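Structure file query.tsv (TSV, N, CA and C atoms) is printed below.
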chain	number	residue	atom	x	y	z
D	7	MET	N	48.75	31.01	166.05
D	7	MET	CA	48.93	31.11	164.62
D	7	MET	C	50.38	31.41	164.24
D	8	ALA	N	51.03	32.26	165.02
D	8	ALA	CA	52.40	32.66	164.67
D	8	ALA	C	53.36	31.49	164.83
D	9	GLY	N	53.07	30.55	165.67
D	9	GLY	CA	53.98	29.43	165.89
D	9	GLY	C	53.95	28.39	164.79
D	10	SER	N	52.93	28.39	163.95
D	10	SER	CA	52.81	27.34	162.94
D	10	SER	C	53.63	27.63	161.67
D	11	GLU	N	53.98	28.86	161.41
D	11	GLU	CA	54.76	29.20	160.22
D	11	GLU	C	56.13	29.72	160.63
D	12	PRO	N	57.17	29.28	159.92
D	12	PRO	CA	58.50	29.79	160.26
D	12	PRO	C	58.65	31.26	159.86
D	13	VAL	N	59.38	31.98	160.66
D	13	VAL	CA	59.62	33.39	160.39
D	13	VAL	C	60.89	33.48	159.52
D	14	THR	N	60.75	34.09	158.35
D	14	THR	CA	61.88	34.22	157.43
D	14	THR	C	62.02	35.67	157.01
D	15	SER	N	63.23	36.02	156.62
D	15	SER	CA	63.47	37.36	156.09
D	15	SER	C	63.38	37.31	154.57
D	16	PRO	N	63.20	38.46	153.92
D	16	PRO	CA	63.06	38.45	152.47
D	16	PRO	C	64.28	37.89	151.74
D	17	ASP	N	65.47	37.99	152.30
D	17	ASP	CA	66.64	37.48	151.61
D	17	ASP	C	66.76	35.96	151.71
D	18	GLN	N	65.93	35.31	152.53
D	18	GLN	CA	65.93	33.86	152.61
D	18	GLN	C	64.99	33.23	151.59
D	19	HIS	N	64.17	34.00	150.97
D	19	HIS	CA	63.23	33.46	149.99
D	19	HIS	C	63.98	33.10	148.72
D	20	LYS	N	63.41	32.22	147.94
D	20	LYS	CA	64.05	31.81	146.69
D	20	LYS	C	64.08	32.99	145.73
D	21	PRO	N	65.25	33.27	145.16
D	21	PRO	CA	65.33	34.40	144.23
D	21	PRO	C	64.61	34.10	142.92
D	22	GLY	N	64.41	35.14	142.13
D	22	GLY	CA	63.72	34.99	140.84
D	22	GLY	C	64.59	34.29	139.82
D	23	HIS	N	64.17	34.34	138.59
D	23	HIS	CA	64.88	33.69	137.52
D	23	HIS	C	66.06	34.55	137.08
D	24	ARG	N	67.27	34.04	137.32
D	24	ARG	CA	68.48	34.80	137.02
D	24	ARG	C	68.66	34.98	135.52
D	25	LYS	N	68.47	33.92	134.75
D	25	LYS	CA	68.65	34.00	133.29
D	25	LYS	C	67.66	34.98	132.68
D	26	ALA	N	66.43	34.99	133.16
D	26	ALA	CA	65.44	35.92	132.63
D	26	ALA	C	65.83	37.36	132.91
D	27	GLY	N	66.41	37.61	134.07
D	27	GLY	CA	66.88	38.94	134.40
D	27	GLY	C	68.04	39.37	133.51
D	28	GLN	N	68.94	38.45	133.24
D	28	GLN	CA	70.07	38.77	132.36
D	28	GLN	C	69.60	39.04	130.93
D	29	ILE	N	68.69	38.23	130.45
D	29	ILE	CA	68.17	38.44	129.10
D	29	ILE	C	67.42	39.76	129.03
D	30	GLY	N	66.65	40.07	130.06
D	30	GLY	CA	65.93	41.34	130.10
D	30	GLY	C	66.87	42.53	130.11
D	31	ALA	N	67.98	42.42	130.83
D	31	ALA	CA	68.96	43.52	130.88
D	31	ALA	C	69.62	43.71	129.52
D	32	VAL	N	69.95	42.63	128.85
D	32	VAL	CA	70.58	42.74	127.53
D	32	VAL	C	69.60	43.32	126.52
D	33	LEU	N	68.35	42.89	126.58
D	33	LEU	CA	67.35	43.44	125.66
D	33	LEU	C	67.09	44.92	125.94
D	34	SER	N	67.11	45.29	127.21
D	34	SER	CA	66.95	46.71	127.56
D	34	SER	C	68.12	47.54	127.05
D	35	ALA	N	69.33	46.98	127.16
D	35	ALA	CA	70.50	47.70	126.64
D	35	ALA	C	70.40	47.87	125.12
D	36	LEU	N	69.93	46.84	124.43
D	36	LEU	CA	69.76	46.96	122.98
D	36	LEU	C	68.68	47.99	122.63
D	37	ALA	N	67.62	48.03	123.42
D	37	ALA	CA	66.57	49.03	123.18
D	37	ALA	C	67.11	50.44	123.41
D	38	LEU	N	67.94	50.62	124.43
D	38	LEU	CA	68.54	51.93	124.67
D	38	LEU	C	69.43	52.34	123.51
D	39	LEU	N	70.20	51.39	122.99
D	39	LEU	CA	71.07	51.71	121.86
D	39	LEU	C	70.26	52.00	120.59
D	40	ALA	N	69.09	51.37	120.46
D	40	ALA	CA	68.24	51.63	119.30
D	40	ALA	C	67.64	53.03	119.36
D	41	MET	N	67.53	53.59	120.56
D	41	MET	CA	66.97	54.93	120.70
D	41	MET	C	67.91	56.02	120.24
D	42	ILE	N	69.15	55.66	119.95
D	42	ILE	CA	70.10	56.67	119.47
D	42	ILE	C	69.64	57.23	118.12
D	43	CYS	N	69.04	56.37	117.31
D	43	CYS	CA	68.52	56.81	116.02
D	43	CYS	C	67.20	57.53	116.26
D	44	GLY	N	67.29	58.81	116.48
D	44	GLY	CA	66.09	59.58	116.77
D	44	GLY	C	66.17	60.96	116.16
D	45	ASN	N	65.24	61.80	116.52
D	45	ASN	CA	65.19	63.13	115.94
D	45	ASN	C	65.70	64.19	116.91
D	46	HIS	N	66.62	63.83	117.79
D	46	HIS	CA	67.18	64.81	118.71
D	46	HIS	C	68.46	65.39	118.12
D	47	GLU	N	68.77	66.60	118.51
D	47	GLU	CA	69.91	67.29	117.92
D	47	GLU	C	71.16	67.20	118.79
D	48	GLY	N	71.01	67.23	120.09
D	48	GLY	CA	72.16	67.23	120.99
D	48	GLY	C	72.77	65.86	121.15
D	49	ARG	N	74.00	65.83	121.59
D	49	ARG	CA	74.70	64.56	121.82
D	49	ARG	C	74.63	64.12	123.27
D	50	VAL	N	74.08	64.95	124.14
D	50	VAL	CA	73.99	64.58	125.55
D	50	VAL	C	73.08	63.37	125.71
D	51	GLU	N	72.01	63.33	124.97
D	51	GLU	CA	71.09	62.19	125.04
D	51	GLU	C	71.79	60.91	124.60
D	52	ASP	N	72.60	61.01	123.55
D	52	ASP	CA	73.33	59.83	123.08
D	52	ASP	C	74.29	59.32	124.14
D	53	LEU	N	74.97	60.24	124.82
D	53	LEU	CA	75.90	59.83	125.86
D	53	LEU	C	75.19	59.12	127.00
D	54	TRP	N	74.03	59.62	127.40
D	54	TRP	CA	73.25	58.97	128.46
D	54	TRP	C	72.79	57.58	128.03
D	55	LEU	N	72.29	57.47	126.80
D	55	LEU	CA	71.81	56.18	126.32
D	55	LEU	C	72.94	55.16	126.25
D	56	ILE	N	74.08	55.57	125.72
D	56	ILE	CA	75.22	54.67	125.62
D	56	ILE	C	75.73	54.32	127.02
D	57	GLY	N	75.82	55.30	127.90
D	57	GLY	CA	76.30	55.05	129.25
D	57	GLY	C	75.42	54.08	130.02
D	58	LEU	N	74.11	54.24	129.93
D	58	LEU	CA	73.20	53.33	130.63
D	58	LEU	C	73.24	51.93	130.04
D	59	ALA	N	73.36	51.83	128.72
D	59	ALA	CA	73.45	50.52	128.08
D	59	ALA	C	74.74	49.80	128.50
D	60	VAL	N	75.84	50.54	128.55
D	60	VAL	CA	77.11	49.95	128.97
D	60	VAL	C	77.04	49.53	130.44
D	61	LEU	N	76.42	50.34	131.27
D	61	LEU	CA	76.27	50.00	132.69
D	61	LEU	C	75.48	48.70	132.86
D	62	LEU	N	74.39	48.55	132.12
D	62	LEU	CA	73.61	47.31	132.20
D	62	LEU	C	74.45	46.11	131.78
D	63	LEU	N	75.21	46.25	130.70
D	63	LEU	CA	76.01	45.14	130.22
D	63	LEU	C	77.15	44.81	131.20
D	64	ILE	N	77.73	45.81	131.85
D	64	ILE	CA	78.77	45.57	132.85
D	64	ILE	C	78.20	44.81	134.04
D	65	ILE	N	77.00	45.16	134.45
D	65	ILE	CA	76.36	44.46	135.56
D	65	ILE	C	76.11	43.00	135.21
D	66	VAL	N	75.62	42.73	134.00
D	66	VAL	CA	75.35	41.35	133.59
D	66	VAL	C	76.65	40.56	133.49
D	67	ILE	N	77.67	41.14	132.88
D	67	ILE	CA	78.95	40.44	132.74
D	67	ILE	C	79.59	40.22	134.10
D	68	GLY	N	79.51	41.21	134.98
D	68	GLY	CA	80.05	41.05	136.33
D	68	GLY	C	79.35	39.95	137.10
D	69	ASP	N	78.04	39.85	136.95
D	69	ASP	CA	77.28	38.80	137.62
D	69	ASP	C	77.70	37.42	137.10
D	70	ILE	N	77.87	37.30	135.80
D	70	ILE	CA	78.28	36.01	135.21
D	70	ILE	C	79.66	35.62	135.71
D	71	VAL	N	80.60	36.57	135.73
D	71	VAL	CA	81.97	36.28	136.16
D	71	VAL	C	82.00	35.90	137.64
D	72	LEU	N	81.27	36.64	138.48
D	72	LEU	CA	81.26	36.33	139.91
D	72	LEU	C	80.65	34.96	140.19
D	73	ARG	N	79.60	34.61	139.47
D	73	ARG	CA	78.98	33.31	139.68
D	73	ARG	C	79.89	32.18	139.19
D	74	ARG	N	80.59	32.41	138.10
D	74	ARG	CA	81.49	31.39	137.56
D	74	ARG	C	82.65	31.14	138.52
D	75	ASN	N	83.14	32.19	139.18
D	75	ASN	CA	84.24	32.04	140.11
D	75	ASN	C	83.80	31.61	141.51
D	76	GLY	N	82.51	31.47	141.72
D	76	GLY	CA	81.99	31.01	142.99
D	76	GLY	C	81.95	32.08	144.06
D	77	LEU	N	82.05	33.34	143.67
D	77	LEU	CA	82.02	34.41	144.65
D	77	LEU	C	80.61	34.93	144.93
D	78	ARG	N	79.65	34.40	144.20
D	78	ARG	CA	78.26	34.80	144.39
D	78	ARG	C	77.39	33.57	144.23
D	79	SER	N	76.37	33.46	145.08
D	79	SER	CA	75.52	32.26	145.01
D	79	SER	C	74.34	32.48	144.12
Could you write out this structure as structure tokens?
Amino acid sequence: MAGSEPVTSPDQHKPGHRKAGQIGAVLSALALLAMICGNHEGRVEDLWLIGLAVLLLIIVIGDIVLRRNGLRS
């Protein structure tokens, strides 16, 4: 049985939908920024929400730039 199927590692499998992941990350960043309008008093929560939203957007932009320059497949 083991000889009939090729042995592959998880990184050889076809990756998921890249555009869907990027759209999901941008929508998540927008949702995080929408949470700033809340009933909390401290600013620490705002800093975390803004920081995480910016981190998501940096990851998406970095992925787009790397793919455009051919440094990532």
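Between atom N of Leu36 (chain D) and CA of Arg73 (chain D) the interatomic distance comes to 22.3 Å.
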In Å, how far is it from CA of Asn75 (chain D) to CA of Gly27 (chain D)?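 CA of Gly27 (chain D) lies 19.5 Å from CA of Asn75 (chain D).
In this structure, atom C of Leu58 (chain D) sits 15.6 Å away from CA of Cys43 (chain D).
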Around region 28-47 of chain D, with edges along x, y and z and 8 Å added on all six sides, what centre and edge lengths do you get, in Å to one decimal, as JSON?
{"center_x": 68.2, "center_y": 52.8, "center_z": 124.6, "size_x": 22.0, "size_y": 45.1, "size_z": 33.3}
Fewer than 4 positions away in the same chain doesn't count, so skip those; otherwise give me all residues within 7 Å of Leu39 (chain D), counting only C-alpha atoms, as a PyMOL selection string. chain D and resi 35+55-56+59
May I ask which of the residues D:Arg78, D:Gly68, D:Leu63, D:Gly48 is the closest one to Val32 (chain D), counting only N, CA and C atoms?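 Of D:Arg78, D:Gly68, D:Leu63, D:Gly48, the one nearest Val32 (chain D) is D:Leu63, counting only N, CA and C atoms.
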Please give the complete set of residues from region 22-69 of chain D that DSSP, run on the backbone, assigns to alpha helix (DSSP H), formatted as a PyMOL selection string. chain D and resi 24-40+50-69
Assuming the input is short of atoms at region 42-68 of chain D, produce N, CA, C and O atoms for that part as an mmCIF file, keeping the file's coordinate frame.
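Produced file out15.cif, reproduced below:
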data_model
loop_
_atom_site.group_PDB
_atom_site.id
_atom_site.type_symbol
_atom_site.label_atom_id
_atom_site.label_comp_id
_atom_site.auth_asym_id
_atom_site.auth_seq_id
_atom_site.Cartn_x
_atom_site.Cartn_y
_atom_site.Cartn_z
ATOM 1 N N ILE D 42 69.150 55.660 119.950
ATOM 2 C CA ILE D 42 70.100 56.670 119.470
ATOM 3 C C ILE D 42 69.640 57.230 118.120
ATOM 4 O O ILE D 42 69.818 58.411 117.841
ATOM 5 N N CYS D 43 69.040 56.370 117.310
ATOM 6 C CA CYS D 43 68.520 56.810 116.020
ATOM 7 C C CYS D 43 67.200 57.530 116.260
ATOM 8 O O CYS D 43 66.130 56.922 116.252
ATOM 9 N N GLY D 44 67.290 58.810 116.480
ATOM 10 C CA GLY D 44 66.090 59.580 116.770
ATOM 11 C C GLY D 44 66.170 60.960 116.160
ATOM 12 O O GLY D 44 67.066 61.265 115.373
ATOM 13 N N ASN D 45 65.240 61.800 116.520
ATOM 14 C CA ASN D 45 65.190 63.130 115.940
ATOM 15 C C ASN D 45 65.700 64.190 116.910
ATOM 16 O O ASN D 45 65.273 65.332 116.867
ATOM 17 N N HIS D 46 66.620 63.830 117.790
ATOM 18 C CA HIS D 46 67.180 64.810 118.710
ATOM 19 C C HIS D 46 68.460 65.390 118.120
ATOM 20 O O HIS D 46 69.152 64.748 117.339
ATOM 21 N N GLU D 47 68.770 66.600 118.510
ATOM 22 C CA GLU D 47 69.910 67.290 117.920
ATOM 23 C C GLU D 47 71.160 67.200 118.790
ATOM 24 O O GLU D 47 72.266 67.143 118.277
ATOM 25 N N GLY D 48 71.010 67.230 120.090
ATOM 26 C CA GLY D 48 72.160 67.230 120.990
ATOM 27 C C GLY D 48 72.770 65.860 121.150
ATOM 28 O O GLY D 48 72.157 64.826 120.858
ATOM 29 N N ARG D 49 74.000 65.830 121.590
ATOM 30 C CA ARG D 49 74.700 64.560 121.820
ATOM 31 C C ARG D 49 74.630 64.120 123.270
ATOM 32 O O ARG D 49 75.093 63.029 123.596
ATOM 33 N N VAL D 50 74.080 64.950 124.140
ATOM 34 C CA VAL D 50 73.990 64.580 125.550
ATOM 35 C C VAL D 50 73.080 63.370 125.710
ATOM 36 O O VAL D 50 73.373 62.451 126.493
ATOM 37 N N GLU D 51 72.010 63.330 124.970
ATOM 38 C CA GLU D 51 71.090 62.190 125.040
ATOM 39 C C GLU D 51 71.790 60.910 124.600
ATOM 40 O O GLU D 51 71.600 59.848 125.199
ATOM 41 N N ASP D 52 72.600 61.010 123.550
ATOM 42 C CA ASP D 52 73.330 59.830 123.080
ATOM 43 C C ASP D 52 74.290 59.320 124.140
ATOM 44 O O ASP D 52 74.420 58.117 124.345
ATOM 45 N N LEU D 53 74.970 60.240 124.820
ATOM 46 C CA LEU D 53 75.900 59.830 125.860
ATOM 47 C C LEU D 53 75.190 59.120 127.000
ATOM 48 O O LEU D 53 75.685 58.113 127.536
ATOM 49 N N TRP D 54 74.030 59.620 127.400
ATOM 50 C CA TRP D 54 73.250 58.970 128.460
ATOM 51 C C TRP D 54 72.790 57.580 128.030
ATOM 52 O O TRP D 54 72.853 56.620 128.797
ATOM 53 N N LEU D 55 72.290 57.470 126.800
ATOM 54 C CA LEU D 55 71.810 56.180 126.320
ATOM 55 C C LEU D 55 72.940 55.160 126.250
ATOM 56 O O LEU D 55 72.784 54.020 126.686
ATOM 57 N N ILE D 56 74.080 55.570 125.720
ATOM 58 C CA ILE D 56 75.220 54.670 125.620
ATOM 59 C C ILE D 56 75.730 54.320 127.020
ATOM 60 O O ILE D 56 76.031 53.146 127.307
ATOM 61 N N GLY D 57 75.820 55.300 127.900
ATOM 62 C CA GLY D 57 76.300 55.050 129.250
ATOM 63 C C GLY D 57 75.420 54.080 130.020
ATOM 64 O O GLY D 57 75.923 53.167 130.695
ATOM 65 N N LEU D 58 74.110 54.240 129.930
ATOM 66 C CA LEU D 58 73.200 53.330 130.630
ATOM 67 C C LEU D 58 73.240 51.930 130.040
ATOM 68 O O LEU D 58 73.169 50.935 130.772
ATOM 69 N N ALA D 59 73.360 51.830 128.720
ATOM 70 C CA ALA D 59 73.450 50.520 128.080
ATOM 71 C C ALA D 59 74.740 49.800 128.500
ATOM 72 O O ALA D 59 74.723 48.612 128.825
ATOM 73 N N VAL D 60 75.840 50.540 128.550
ATOM 74 C CA VAL D 60 77.110 49.950 128.970
ATOM 75 C C VAL D 60 77.040 49.530 130.440
ATOM 76 O O VAL D 60 77.541 48.463 130.810
ATOM 77 N N LEU D 61 76.420 50.340 131.270
ATOM 78 C CA LEU D 61 76.270 50.000 132.690
ATOM 79 C C LEU D 61 75.480 48.700 132.860
ATOM 80 O O LEU D 61 75.862 47.833 133.650
ATOM 81 N N LEU D 62 74.390 48.550 132.120
ATOM 82 C CA LEU D 62 73.610 47.310 132.200
ATOM 83 C C LEU D 62 74.450 46.110 131.780
ATOM 84 O O LEU D 62 74.403 45.049 132.412
ATOM 85 N N LEU D 63 75.210 46.250 130.700
ATOM 86 C CA LEU D 63 76.010 45.140 130.220
ATOM 87 C C LEU D 63 77.150 44.810 131.200
ATOM 88 O O LEU D 63 77.479 43.641 131.397
ATOM 89 N N ILE D 64 77.730 45.810 131.850
ATOM 90 C CA ILE D 64 78.770 45.570 132.850
ATOM 91 C C ILE D 64 78.200 44.810 134.040
ATOM 92 O O ILE D 64 78.838 43.888 134.566
ATOM 93 N N ILE D 65 77.000 45.160 134.450
ATOM 94 C CA ILE D 65 76.360 44.460 135.560
ATOM 95 C C ILE D 65 76.110 43.000 135.210
ATOM 96 O O ILE D 65 76.376 42.095 136.011
ATOM 97 N N VAL D 66 75.620 42.730 134.000
ATOM 98 C CA VAL D 66 75.350 41.350 133.590
ATOM 99 C C VAL D 66 76.650 40.560 133.490
ATOM 100 O O VAL D 66 76.743 39.435 133.991
ATOM 101 N N ILE D 67 77.670 41.140 132.880
ATOM 102 C CA ILE D 67 78.950 40.440 132.740
ATOM 103 C C ILE D 67 79.590 40.220 134.100
ATOM 104 O O ILE D 67 80.125 39.134 134.379
ATOM 105 N N GLY D 68 79.510 41.210 134.980
ATOM 106 C CA GLY D 68 80.050 41.050 136.330
ATOM 107 C C GLY D 68 79.350 39.950 137.100
ATOM 108 O O GLY D 68 79.989 39.168 137.817
#
